[in-house]
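Here is input-v6.csv, consisting of CSV, C-alpha atoms:
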```csv
chain,number,residue,atom,x,y,z
K,1,MET,CA,-147.9,124.3,-196.1
K,2,THR,CA,-149.5,123.5,-192.8
K,3,GLY,CA,-150.0,120.0,-191.5
K,4,ARG,CA,-147.5,117.2,-191.7
K,5,LEU,CA,-145.2,117.0,-194.8
K,6,LEU,CA,-143.7,113.7,-195.9
K,7,LEU,CA,-140.7,114.1,-198.2
K,8,LEU,CA,-139.4,111.1,-200.1
K,9,ASP,CA,-135.8,110.8,-201.2
K,10,THR,CA,-137.2,108.9,-204.1
K,11,ALA,CA,-134.0,107.5,-205.7
K,12,SER,CA,-132.8,106.3,-202.3
K,13,LEU,CA,-136.1,104.4,-201.8
K,14,TYR,CA,-136.3,102.9,-205.3
K,15,PHE,CA,-132.7,101.7,-205.0
K,16,ARG,CA,-133.7,100.0,-201.7
K,17,ALA,CA,-136.8,98.5,-203.3
K,18,TYR,CA,-134.8,97.2,-206.3
K,19,PHE,CA,-132.3,95.4,-204.0
K,20,GLY,CA,-135.0,94.3,-201.5
K,21,VAL,CA,-137.6,92.9,-203.8
K,22,PRO,CA,-136.7,89.9,-206.0
K,23,GLU,CA,-136.2,90.6,-209.7
K,24,SER,CA,-138.6,87.7,-210.4
K,25,VAL,CA,-141.4,90.3,-209.8
K,26,ARG,CA,-142.1,91.1,-213.4
K,27,ALA,CA,-144.6,92.7,-215.8
K,28,PRO,CA,-146.7,90.4,-218.1
K,29,ASP,CA,-144.0,90.8,-220.8
K,30,GLY,CA,-141.3,89.6,-218.5
K,31,THR,CA,-139.8,93.1,-217.7
K,32,PRO,CA,-138.6,93.4,-214.1
K,33,VAL,CA,-140.8,95.8,-212.1
K,34,ASN,CA,-139.4,95.0,-208.6
K,35,ALA,CA,-138.4,98.6,-208.0
K,36,VAL,CA,-141.7,100.0,-209.1
K,37,ARG,CA,-143.8,97.6,-207.0
K,38,GLY,CA,-141.4,97.9,-204.1
K,39,LEU,CA,-141.6,101.7,-204.1
K,40,LEU,CA,-145.4,101.6,-204.2
K,41,ASP,CA,-145.4,99.2,-201.2
K,42,PHE,CA,-143.1,101.6,-199.4
K,43,ILE,CA,-145.3,104.6,-200.0
K,44,ASP,CA,-148.4,102.7,-198.9
K,45,ARG,CA,-146.7,101.8,-195.6
K,46,LEU,CA,-145.4,105.3,-195.0
K,47,VAL,CA,-148.8,106.9,-195.7
K,48,ARG,CA,-150.6,104.4,-193.4
K,49,ASP,CA,-148.1,104.7,-190.6
K,50,HIS,CA,-147.5,108.4,-190.7
K,51,ARG,CA,-150.7,110.0,-192.1
K,52,PRO,CA,-149.2,113.0,-193.8
K,53,ASP,CA,-151.2,115.9,-195.1
K,54,HIS,CA,-148.7,116.6,-197.8
K,55,LEU,CA,-146.5,114.2,-199.8
K,56,VAL,CA,-143.6,115.1,-202.3
K,57,ALA,CA,-141.5,112.6,-204.2
K,58,CYS,CA,-138.2,114.5,-204.5
K,59,MET,CA,-136.1,113.6,-207.5
K,60,ASP,CA,-132.5,113.9,-208.6
K,61,ALA,CA,-132.7,116.2,-211.7
K,62,ASP,CA,-128.9,116.2,-211.4
K,63,TRP,CA,-127.3,113.6,-209.1
K,64,ARG,CA,-123.8,115.2,-209.4
K,65,PRO,CA,-124.2,119.0,-209.9
K,66,HIS,CA,-121.4,120.7,-211.7
K,67,TRP,CA,-121.1,123.4,-209.1
K,68,ARG,CA,-120.3,120.8,-206.5
K,69,VAL,CA,-117.8,119.0,-208.7
K,70,GLU,CA,-116.1,122.3,-209.5
K,71,LEU,CA,-115.4,122.7,-205.8
K,72,ILE,CA,-114.5,119.0,-205.0
K,73,PRO,CA,-113.7,117.1,-208.3
K,74,SER,CA,-113.8,113.7,-206.5
K,75,TYR,CA,-117.5,114.3,-205.5
K,76,LYS,CA,-119.3,111.1,-206.5
K,77,ALA,CA,-116.7,110.5,-209.2
K,78,HIS,CA,-116.5,106.8,-208.6
K,79,ARG,CA,-120.2,106.4,-209.5
K,80,VAL,CA,-119.9,108.0,-212.9
K,81,ALA,CA,-120.8,105.6,-215.8
K,82,GLU,CA,-120.2,108.2,-218.5
K,83,GLU,CA,-119.2,111.9,-218.4
K,84,ARG,CA,-121.3,114.2,-220.5
K,85,PRO,CA,-120.0,117.6,-221.8
K,86,SER,CA,-123.5,119.1,-221.4
K,87,GLY,CA,-126.2,117.9,-218.9
K,88,PRO,CA,-125.8,115.6,-215.9
K,89,ASP,CA,-123.2,112.8,-216.0
K,90,GLU,CA,-124.7,109.3,-216.4
K,91,GLU,CA,-124.8,107.5,-213.1
K,92,GLU,CA,-123.8,103.8,-212.7
K,93,VAL,CA,-127.2,102.1,-212.2
K,94,PRO,CA,-128.1,98.4,-212.6
K,95,ASP,CA,-129.2,97.6,-216.1
K,96,THR,CA,-132.6,96.3,-215.0
K,97,LEU,CA,-133.3,99.3,-212.7
K,98,SER,CA,-132.8,102.1,-215.3
K,99,PRO,CA,-135.9,101.2,-217.4
K,100,GLN,CA,-138.1,101.1,-214.3
K,101,VAL,CA,-137.4,104.8,-213.4
K,102,PRO,CA,-139.7,106.3,-216.1
K,103,VAL,CA,-142.4,103.8,-215.1
K,104,ILE,CA,-142.1,105.0,-211.5
K,105,GLU,CA,-142.4,108.6,-212.7
K,106,ASP,CA,-145.5,107.9,-214.8
K,107,VAL,CA,-147.2,106.1,-212.0
K,108,LEU,CA,-146.6,108.9,-209.5
K,109,ASP,CA,-147.9,111.4,-212.0
K,110,ALA,CA,-151.0,109.4,-212.7
K,111,LEU,CA,-151.6,109.0,-208.9
K,112,GLY,CA,-151.3,112.7,-208.4
K,113,VAL,CA,-148.3,112.5,-206.1
K,114,ALA,CA,-146.2,115.7,-206.4
K,115,ARG,CA,-142.9,114.9,-208.0
K,116,VAL,CA,-140.3,117.6,-207.9
K,117,GLY,CA,-136.8,117.7,-209.4
K,118,VAL,CA,-135.0,120.9,-210.3
K,119,PRO,CA,-132.2,121.2,-212.9
K,120,GLY,CA,-128.8,121.6,-211.4
K,121,TYR,CA,-129.8,120.2,-208.0
K,122,GLU,CA,-130.0,116.9,-206.2
K,123,ALA,CA,-133.1,115.6,-204.4
K,124,ASP,CA,-131.3,116.5,-201.1
K,125,ASP,CA,-131.5,120.1,-202.1
K,126,VAL,CA,-135.1,119.9,-203.1
K,127,ILE,CA,-135.8,118.3,-199.7
K,128,GLY,CA,-133.8,121.0,-197.9
K,129,THR,CA,-135.8,123.7,-199.6
K,130,PHE,CA,-139.2,122.2,-198.9
K,131,THR,CA,-138.1,121.7,-195.3
K,132,ALA,CA,-137.0,125.3,-195.0
K,133,ARG,CA,-140.4,126.5,-196.3
K,134,ALA,CA,-142.6,124.2,-194.3
K,135,ALA,CA,-144.8,125.7,-191.6
K,136,GLY,CA,-145.6,122.3,-189.9
K,137,PRO,CA,-143.7,119.1,-189.0
K,138,VAL,CA,-141.6,117.4,-191.6
K,139,ASP,CA,-140.7,113.7,-192.0
K,140,ILE,CA,-137.9,113.0,-194.4
K,141,VAL,CA,-137.7,109.4,-195.7
K,142,THR,CA,-134.2,108.6,-196.8
K,143,GLY,CA,-131.4,106.0,-196.6
K,144,ASP,CA,-128.9,108.9,-197.0
K,145,ARG,CA,-127.4,110.0,-193.7
K,146,ASP,CA,-126.4,113.4,-195.2
K,147,LEU,CA,-129.9,114.6,-194.6
K,148,TYR,CA,-129.4,114.2,-190.8
K,149,GLN,CA,-128.2,117.8,-191.0
K,150,LEU,CA,-131.9,118.9,-191.4
K,151,VAL,CA,-133.1,117.3,-188.2
K,152,ASP,CA,-134.5,120.0,-185.9
K,153,ASP,CA,-136.5,119.2,-182.8
K,154,ALA,CA,-137.7,122.8,-182.4
K,155,ARG,CA,-139.3,122.7,-185.9
K,156,GLY,CA,-140.5,119.1,-185.8
K,157,VAL,CA,-138.1,117.9,-188.5
K,158,ARG,CA,-137.0,114.3,-188.3
K,159,VAL,CA,-135.5,111.7,-190.6
K,160,LEU,CA,-137.2,108.3,-191.1
K,161,TYR,CA,-134.2,106.1,-191.9
K,162,PRO,CA,-135.1,102.7,-193.2
K,163,LEU,CA,-133.3,99.9,-191.4
K,164,LYS,CA,-135.2,97.1,-193.1
K,165,GLY,CA,-137.6,98.1,-196.0
K,166,VAL,CA,-139.8,100.8,-194.5
K,167,GLY,CA,-141.4,98.5,-192.0
K,168,THR,CA,-138.6,99.2,-189.6
K,169,LEU,CA,-137.6,102.8,-189.5
K,170,GLN,CA,-135.2,104.7,-187.3
K,171,LEU,CA,-137.1,107.8,-186.2
K,172,THR,CA,-134.1,110.1,-186.1
K,173,ASP,CA,-134.4,113.2,-183.9
K,174,GLU,CA,-131.7,115.2,-182.2
K,175,ALA,CA,-131.5,112.8,-179.2
K,176,VAL,CA,-130.7,109.9,-181.6
K,177,LEU,CA,-128.1,112.0,-183.4
K,178,ARG,CA,-126.4,113.1,-180.1
K,179,GLU,CA,-126.4,109.5,-178.9
K,180,LYS,CA,-124.9,108.1,-182.1
K,181,TYR,CA,-122.7,110.9,-183.3
K,182,GLY,CA,-122.3,113.4,-180.5
K,183,VAL,CA,-123.9,116.3,-182.4
K,184,GLY,CA,-127.3,117.6,-183.2
K,185,GLY,CA,-128.8,118.2,-186.6
K,186,ARG,CA,-127.0,121.6,-186.9
K,187,GLY,CA,-123.6,120.0,-186.3
K,188,TYR,CA,-124.0,117.0,-188.5
K,189,ALA,CA,-122.8,118.6,-191.8
K,190,ASP,CA,-119.6,119.8,-190.1
K,191,LEU,CA,-119.0,116.4,-188.6
K,192,ALA,CA,-119.5,114.8,-192.1
K,193,LEU,CA,-117.1,117.1,-193.9
K,194,LEU,CA,-114.4,116.7,-191.2
K,195,ARG,CA,-114.8,112.9,-191.1
K,196,GLY,CA,-115.2,112.5,-194.9
K,197,ASP,CA,-117.5,110.1,-196.8
K,198,PRO,CA,-116.0,107.6,-199.3
K,199,SER,CA,-119.4,106.9,-200.7
K,200,ASP,CA,-119.7,110.5,-201.9
K,201,GLY,CA,-116.0,110.9,-202.7
K,202,LEU,CA,-115.4,113.4,-199.9
K,203,PRO,CA,-111.9,113.0,-198.5
K,204,GLY,CA,-112.4,114.6,-195.1
K,205,VAL,CA,-109.4,115.7,-193.0
K,206,PRO,CA,-106.7,113.0,-192.8
K,207,GLY,CA,-106.5,111.7,-189.2
K,208,ILE,CA,-109.8,113.3,-188.1
K,209,GLY,CA,-112.3,110.5,-187.7
K,210,GLU,CA,-115.8,110.6,-186.5
K,211,LYS,CA,-115.1,110.6,-182.8
K,212,THR,CA,-112.3,113.2,-183.0
K,213,ALA,CA,-114.6,115.4,-185.2
K,214,ALA,CA,-117.4,115.1,-182.6
K,215,ARG,CA,-115.0,116.0,-179.8
K,216,LEU,CA,-113.7,119.0,-181.7
K,217,LEU,CA,-117.2,120.2,-182.4
K,218,ALA,CA,-118.2,119.8,-178.7
K,219,GLU,CA,-115.1,121.8,-177.7
K,220,PHE,CA,-115.3,124.6,-180.3
K,221,GLY,CA,-118.9,124.7,-181.5
K,222,ASP,CA,-118.7,124.5,-185.2
K,223,LEU,CA,-116.2,124.4,-188.1
K,224,ALA,CA,-115.5,128.2,-187.9
K,225,GLY,CA,-114.8,127.7,-184.2
K,226,ILE,CA,-112.4,124.9,-184.9
K,227,MET,CA,-110.5,126.9,-187.5
K,228,ALA,CA,-110.3,129.8,-185.2
K,229,ALA,CA,-108.7,127.4,-182.6
K,230,VAL,CA,-106.2,126.4,-185.2
K,231,ASP,CA,-105.1,130.0,-185.4
K,232,ASP,CA,-105.0,130.4,-181.6
K,233,PRO,CA,-101.9,128.9,-180.0
K,234,LYS,CA,-103.6,128.8,-176.6
K,235,ALA,CA,-106.5,126.6,-177.9
K,236,LYS,CA,-106.6,123.0,-176.8
K,237,LEU,CA,-105.5,121.2,-179.9
K,238,THR,CA,-102.9,118.5,-180.2
K,239,PRO,CA,-100.0,119.4,-182.5
K,240,SER,CA,-101.0,116.8,-185.0
K,241,GLN,CA,-104.6,118.0,-185.0
K,242,ARG,CA,-103.5,121.6,-185.6
K,243,LYS,CA,-101.2,120.5,-188.4
K,244,ARG,CA,-103.8,118.4,-190.1
K,245,LEU,CA,-106.5,121.0,-189.9
K,246,ASP,CA,-104.1,123.7,-191.1
K,247,GLU,CA,-103.0,121.7,-194.1
K,248,ALA,CA,-106.7,120.9,-195.0
K,249,ARG,CA,-107.7,124.6,-195.3
K,250,PRO,CA,-108.2,124.5,-199.1
K,251,TYR,CA,-110.6,121.5,-198.7
K,252,LEU,CA,-112.3,123.0,-195.6
K,253,ALA,CA,-112.9,126.3,-197.5
K,254,VAL,CA,-115.1,124.6,-200.1
K,255,ALA,CA,-116.5,121.5,-198.4
K,256,PRO,CA,-119.3,123.3,-196.5
K,257,LYS,CA,-121.0,124.4,-199.8
K,258,VAL,CA,-120.7,120.8,-201.1
K,259,VAL,CA,-121.9,119.0,-198.0
K,260,ARG,CA,-124.6,121.3,-196.8
K,261,VAL,CA,-127.9,120.9,-198.7
K,262,ALA,CA,-129.3,123.9,-200.4
K,263,GLY,CA,-132.3,125.6,-198.8
K,264,ASP,CA,-133.1,128.1,-201.6
K,265,VAL,CA,-133.8,125.9,-204.7
K,266,PRO,CA,-136.3,127.6,-207.1
K,267,LEU,CA,-139.1,125.1,-206.6
K,268,PRO,CA,-141.9,124.9,-209.2
K,269,GLU,CA,-145.5,125.6,-208.1
K,270,VAL,CA,-147.0,122.2,-207.3
K,271,ASP,CA,-149.9,120.8,-205.4
K,272,THR,CA,-148.3,118.9,-202.5
K,273,ALA,CA,-151.6,117.8,-200.9
K,274,LEU,CA,-151.8,114.0,-200.3
K,275,PRO,CA,-154.0,112.8,-203.2
K,276,HIS,CA,-157.2,111.0,-202.2
K,277,ALA,CA,-158.1,109.9,-205.7
K,278,PRO,CA,-155.9,109.4,-208.8
K,279,ARG,CA,-155.2,112.5,-210.9
K,280,ASP,CA,-155.5,110.4,-214.1
K,281,PRO,CA,-157.5,107.2,-213.5
K,282,ALA,CA,-157.4,106.1,-217.2
K,283,ALA,CA,-153.6,106.5,-217.4
K,284,LEU,CA,-153.2,104.6,-214.1
K,285,ASP,CA,-155.4,101.8,-215.4
K,286,ARG,CA,-153.2,101.5,-218.5
K,287,LEU,CA,-150.0,101.5,-216.4
K,288,ALA,CA,-151.4,98.9,-214.0
K,289,GLU,CA,-152.2,96.6,-216.9
K,290,ARG,CA,-149.1,97.2,-218.9
K,291,TRP,CA,-146.7,96.7,-216.0
K,292,GLY,CA,-148.7,94.2,-213.9
K,293,LEU,CA,-148.7,96.5,-210.8
K,294,GLY,CA,-151.4,94.3,-209.2
K,295,GLY,CA,-151.7,94.3,-205.4
K,296,SER,CA,-149.0,97.0,-204.8
K,297,LEU,CA,-151.0,99.6,-206.6
K,298,ARG,CA,-154.4,98.5,-205.3
K,299,ARG,CA,-153.2,98.6,-201.7
K,300,LEU,CA,-151.8,102.2,-202.2
K,301,LEU,CA,-155.0,103.3,-203.8
K,302,ASP,CA,-157.1,101.9,-200.9
K,303,THR,CA,-154.8,103.7,-198.4
K,304,LEU,CA,-155.1,107.0,-200.3
K,305,THR,CA,-158.8,106.8,-200.7
K,306,ALA,CA,-159.5,105.7,-197.1
```
Go ahead and express the file in the form of structure tokens.
Amino acid sequence: MTGRLLLLDTASLYFRAYFGVPESVRAPDGTPVNAVRGLLDFIDRLVRDHRPDHLVACMDADWRPHWRVELIPSYKAHRVAEERPSGPDEEEVPDTLSPQVPVIEDVLDALGVARVGVPGYEADDVIGTFTARAAGPVDIVTGDRDLYQLVDDARGVRVLYPLKGVGTLQLTDEAVLREKYGVGGRGYADLALLRGDPSDGLPGVPGIGEKTAARLLAEFGDLAGIMAAVDDPKAKLTPSQRKRLDEARPYLAVAPKVVRVAGDVPLPEVDTALPHAPRDPAALDRLAERWGLGGSLRRLLDTLTA
């Protein structure tokens, strides 16, 4: 792919749309469609403001992959609604959001927006692989700070982090990361696994908070450098830091694979070009009438065809 690539962390965005758009926005039969219409408005604004050449809606085919859970059983465990012996666990999702997800998928497909999810992987991994393969600049739209690890000024990779809807975005490059966290994109995954993340069920290293983690990374370069310092009695670590890091070795041995997004997901062959006309106009008309998509869909179509 050449030209600018816009990657959507789709679930992150439709969750934001669901909570940001009143549930009084409904289809003619009374079914809530606030997440559907809110997401269409988000995409419209993103395309107008950033004019990508390529657009991919990245999906969670598995929001809690078994290979990550095997390494850290607490990974996203607090968000499980029902464990399933085969296939992905069921995620805890608001009752009126779940029925909107298939509608979102149908609308994106009818529009011709590339929609990619890969069994056994999260949307983050799909985003990481598209980013690794991109030949041009990449904008990643997500409310998930985990993807800060992909920020790379040299390659033109940045994260557009919604602060309010998508009208107010934090354009996150390495300067922003260094100012806020003391690390660049390459160091963010190590910072996150040392600090931990309760929202993902990652315990981190007890007693090593964000500022301490940033200082250690500044001093020793990366996680491997920090652990080499633990084994070096001359290294500048406090006794408590050395003890805590040493005791956390089992966690630190597996955490990088869990926290770092994959860059080698087997992606399907898809046309990622920004559509300038609907792929299936008849299906889109039926969806628009059935779900009352109104101005949200019309505005996006006008933007795409402009």
| field | Selection: 9 Å around K:Tyr148, all atoms listed in the file, excl. self and same-chain fewer than 5 positions, as JSON, numbers by chain | value | {"K": [158, 159, 172, 173, 174, 177, 184, 185, 186, 188, 189]}
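Separating atom CA of K:Leu193 from atom CA of K:Lys164 is a distance of 27.0 Å.
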Using only C-alpha atoms, what table do you get, as CSV, when you list each residue of stretch 96-213 of chain K with an atom no more than 10 Å from stretch 78-91 of chain K, its nearest pair of atoms, and their distance in Å rounded to one decimal, rows by chain then rising number?
```
residue,atom,partner,partner_atom,distance
K:Ser98,CA,K:Glu91,CA,9.9
K:Pro119,CA,K:Pro88,CA,9.0
K:Gly120,CA,K:Pro88,CA,8.1
K:Tyr121,CA,K:Pro88,CA,10.0
K:Pro198,CA,K:His78,CA,9.3
K:Ser199,CA,K:His78,CA,8.4
K:Asp200,CA,K:His78,CA,8.3
K:Gly201,CA,K:His78,CA,7.2
```
| note | In Å and to one decimal, atom CA of K:Ile140 is distant from atom CA of K:Leu7 by 4.8 Å
| field | Which of K:Lys257, K:Arg298, K:Lys236, K:Arg64 sits closest to K:Pro278 [using only C-alpha atoms] | value | K:Arg298
| Top pick for closest residue to K:Pro250, considering K:Arg145, K:Glu92, K:Val205, K:Leu8 and counting only C-alpha atoms | K:Val205
| task | For K:Gly204, list every protein, DNA or RNA residue within 10 Å, evaluated using all atoms listed in the file, and leave out those in the same chain fewer than 5 positions away; present the list as a ChimeraX atom specification. | result | /K:191-198,209,248,251-252,255
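Among K:Gly117, K:Gly292, K:Gly128, K:Pro233, the residue with the shortest atom-to-atom distance to K:Glu269, counting all atoms listed in the file, is K:Gly117.
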| Surrounding residues of K:Val141 excluding itself and chain neighbours under 5 positions, 10 Å, only C-alpha atoms, as number ranges by chain | K: 6-10, 12-13, 43, 46, 57, 127, 147, 158-162, 166, 169-171
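Residues in contact range of K:Asp95, defined as at most 12 Å between all atoms listed in the file, with sequence neighbours fewer than 6 positions away removed, read K:Tyr18, K:Glu23, K:Thr31, K:Pro32, K:Ala81, K:Val101.
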| message | Show me the residues around (-150.3, 110.8, -210.6) - criterion: an atom at most 10 Å away, all atoms listed in the file counted - as a ChimeraX atom specification. | response | /K:105-115,275,277-281,283-284
Since the input is missing atoms for stretch 239-272 of chain K, could you rebuild it with N, CA and C atoms and give the result as a CSV table (one decimal), in the frame of the given file?
```csv
chain,number,residue,atom,x,y,z
K,239,PRO,N,-100.7,119.0,-181.4
K,239,PRO,CA,-100.0,119.4,-182.5
K,239,PRO,C,-100.3,118.8,-183.8
K,240,SER,N,-100.6,117.5,-183.8
K,240,SER,CA,-101.0,116.8,-185.0
K,240,SER,C,-102.4,117.3,-185.5
K,241,GLN,N,-103.3,117.5,-184.6
K,241,GLN,CA,-104.6,118.0,-185.0
K,241,GLN,C,-104.5,119.4,-185.7
K,242,ARG,N,-103.7,120.2,-185.0
K,242,ARG,CA,-103.5,121.6,-185.6
K,242,ARG,C,-102.9,121.5,-187.0
K,243,LYS,N,-101.9,120.7,-187.1
K,243,LYS,CA,-101.2,120.5,-188.4
K,243,LYS,C,-102.1,120.0,-189.5
K,244,ARG,N,-102.9,119.0,-189.1
K,244,ARG,CA,-103.8,118.4,-190.1
K,244,ARG,C,-104.9,119.4,-190.6
K,245,LEU,N,-105.4,120.0,-189.6
K,245,LEU,CA,-106.5,121.0,-189.9
K,245,LEU,C,-105.9,122.2,-190.7
K,246,ASP,N,-104.8,122.6,-190.4
K,246,ASP,CA,-104.1,123.7,-191.1
K,246,ASP,C,-103.9,123.3,-192.6
K,247,GLU,N,-103.3,122.1,-192.8
K,247,GLU,CA,-103.0,121.7,-194.1
K,247,GLU,C,-104.3,121.4,-194.9
K,248,ALA,N,-105.4,121.2,-194.2
K,248,ALA,CA,-106.7,120.9,-195.0
K,248,ALA,C,-107.5,122.2,-195.3
K,249,ARG,N,-106.9,123.3,-195.1
K,249,ARG,CA,-107.7,124.6,-195.3
K,249,ARG,C,-108.3,124.7,-196.7
K,250,PRO,N,-107.6,124.3,-197.8
K,250,PRO,CA,-108.2,124.5,-199.1
K,250,PRO,C,-109.5,123.6,-199.2
K,251,TYR,N,-109.4,122.4,-198.7
K,251,TYR,CA,-110.6,121.5,-198.7
K,251,TYR,C,-111.7,122.1,-197.8
K,252,LEU,N,-111.3,122.5,-196.6
K,252,LEU,CA,-112.3,123.0,-195.6
K,252,LEU,C,-113.0,124.3,-196.1
K,253,ALA,N,-112.3,125.0,-197.0
K,253,ALA,CA,-112.9,126.3,-197.5
K,253,ALA,C,-114.1,126.0,-198.4
K,254,VAL,N,-114.1,124.9,-199.1
K,254,VAL,CA,-115.1,124.6,-200.1
K,254,VAL,C,-116.1,123.5,-199.7
K,255,ALA,N,-115.6,122.7,-198.7
K,255,ALA,CA,-116.5,121.5,-198.4
K,255,ALA,C,-117.8,121.9,-197.8
K,256,PRO,N,-118.0,123.0,-197.0
K,256,PRO,CA,-119.3,123.3,-196.5
K,256,PRO,C,-120.4,123.5,-197.6
K,257,LYS,N,-120.0,124.1,-198.7
K,257,LYS,CA,-121.0,124.4,-199.8
K,257,LYS,C,-121.3,123.1,-200.5
K,258,VAL,N,-120.4,122.1,-200.5
K,258,VAL,CA,-120.7,120.8,-201.1
K,258,VAL,C,-121.5,119.9,-200.2
K,259,VAL,N,-121.2,119.9,-198.9
K,259,VAL,CA,-121.9,119.0,-198.0
K,259,VAL,C,-123.2,119.5,-197.6
K,260,ARG,N,-123.4,120.8,-197.3
K,260,ARG,CA,-124.6,121.3,-196.8
K,260,ARG,C,-125.7,121.4,-197.9
K,261,VAL,N,-126.9,120.9,-197.7
K,261,VAL,CA,-127.9,120.9,-198.7
K,261,VAL,C,-128.4,122.3,-198.9
K,262,ALA,N,-128.8,122.6,-200.1
K,262,ALA,CA,-129.3,123.9,-200.4
K,262,ALA,C,-130.7,124.1,-199.8
K,263,GLY,N,-131.0,125.3,-199.4
K,263,GLY,CA,-132.3,125.6,-198.8
K,263,GLY,C,-133.0,126.7,-199.6
K,264,ASP,N,-132.5,127.0,-200.8
K,264,ASP,CA,-133.1,128.1,-201.6
K,264,ASP,C,-133.2,127.7,-203.1
K,265,VAL,N,-133.5,126.4,-203.3
K,265,VAL,CA,-133.8,125.9,-204.7
K,265,VAL,C,-135.1,126.6,-205.3
K,266,PRO,N,-135.0,127.0,-206.5
K,266,PRO,CA,-136.3,127.6,-207.1
K,266,PRO,C,-137.3,126.5,-207.4
K,267,LEU,N,-138.1,126.2,-206.5
K,267,LEU,CA,-139.1,125.1,-206.6
K,267,LEU,C,-140.2,125.5,-207.5
K,268,PRO,N,-140.7,124.6,-208.3
K,268,PRO,CA,-141.9,124.9,-209.2
K,268,PRO,C,-143.2,125.0,-208.3
K,269,GLU,N,-144.2,125.6,-208.8
K,269,GLU,CA,-145.5,125.6,-208.1
K,269,GLU,C,-146.1,124.2,-208.3
K,270,VAL,N,-146.4,123.5,-207.2
K,270,VAL,CA,-147.0,122.2,-207.3
K,270,VAL,C,-148.0,122.0,-206.2
K,271,ASP,N,-148.9,121.1,-206.4
K,271,ASP,CA,-149.9,120.8,-205.4
K,271,ASP,C,-149.4,119.6,-204.5
K,272,THR,N,-149.0,119.9,-203.3
K,272,THR,CA,-148.3,118.9,-202.5
K,272,THR,C,-149.3,118.1,-201.6
```
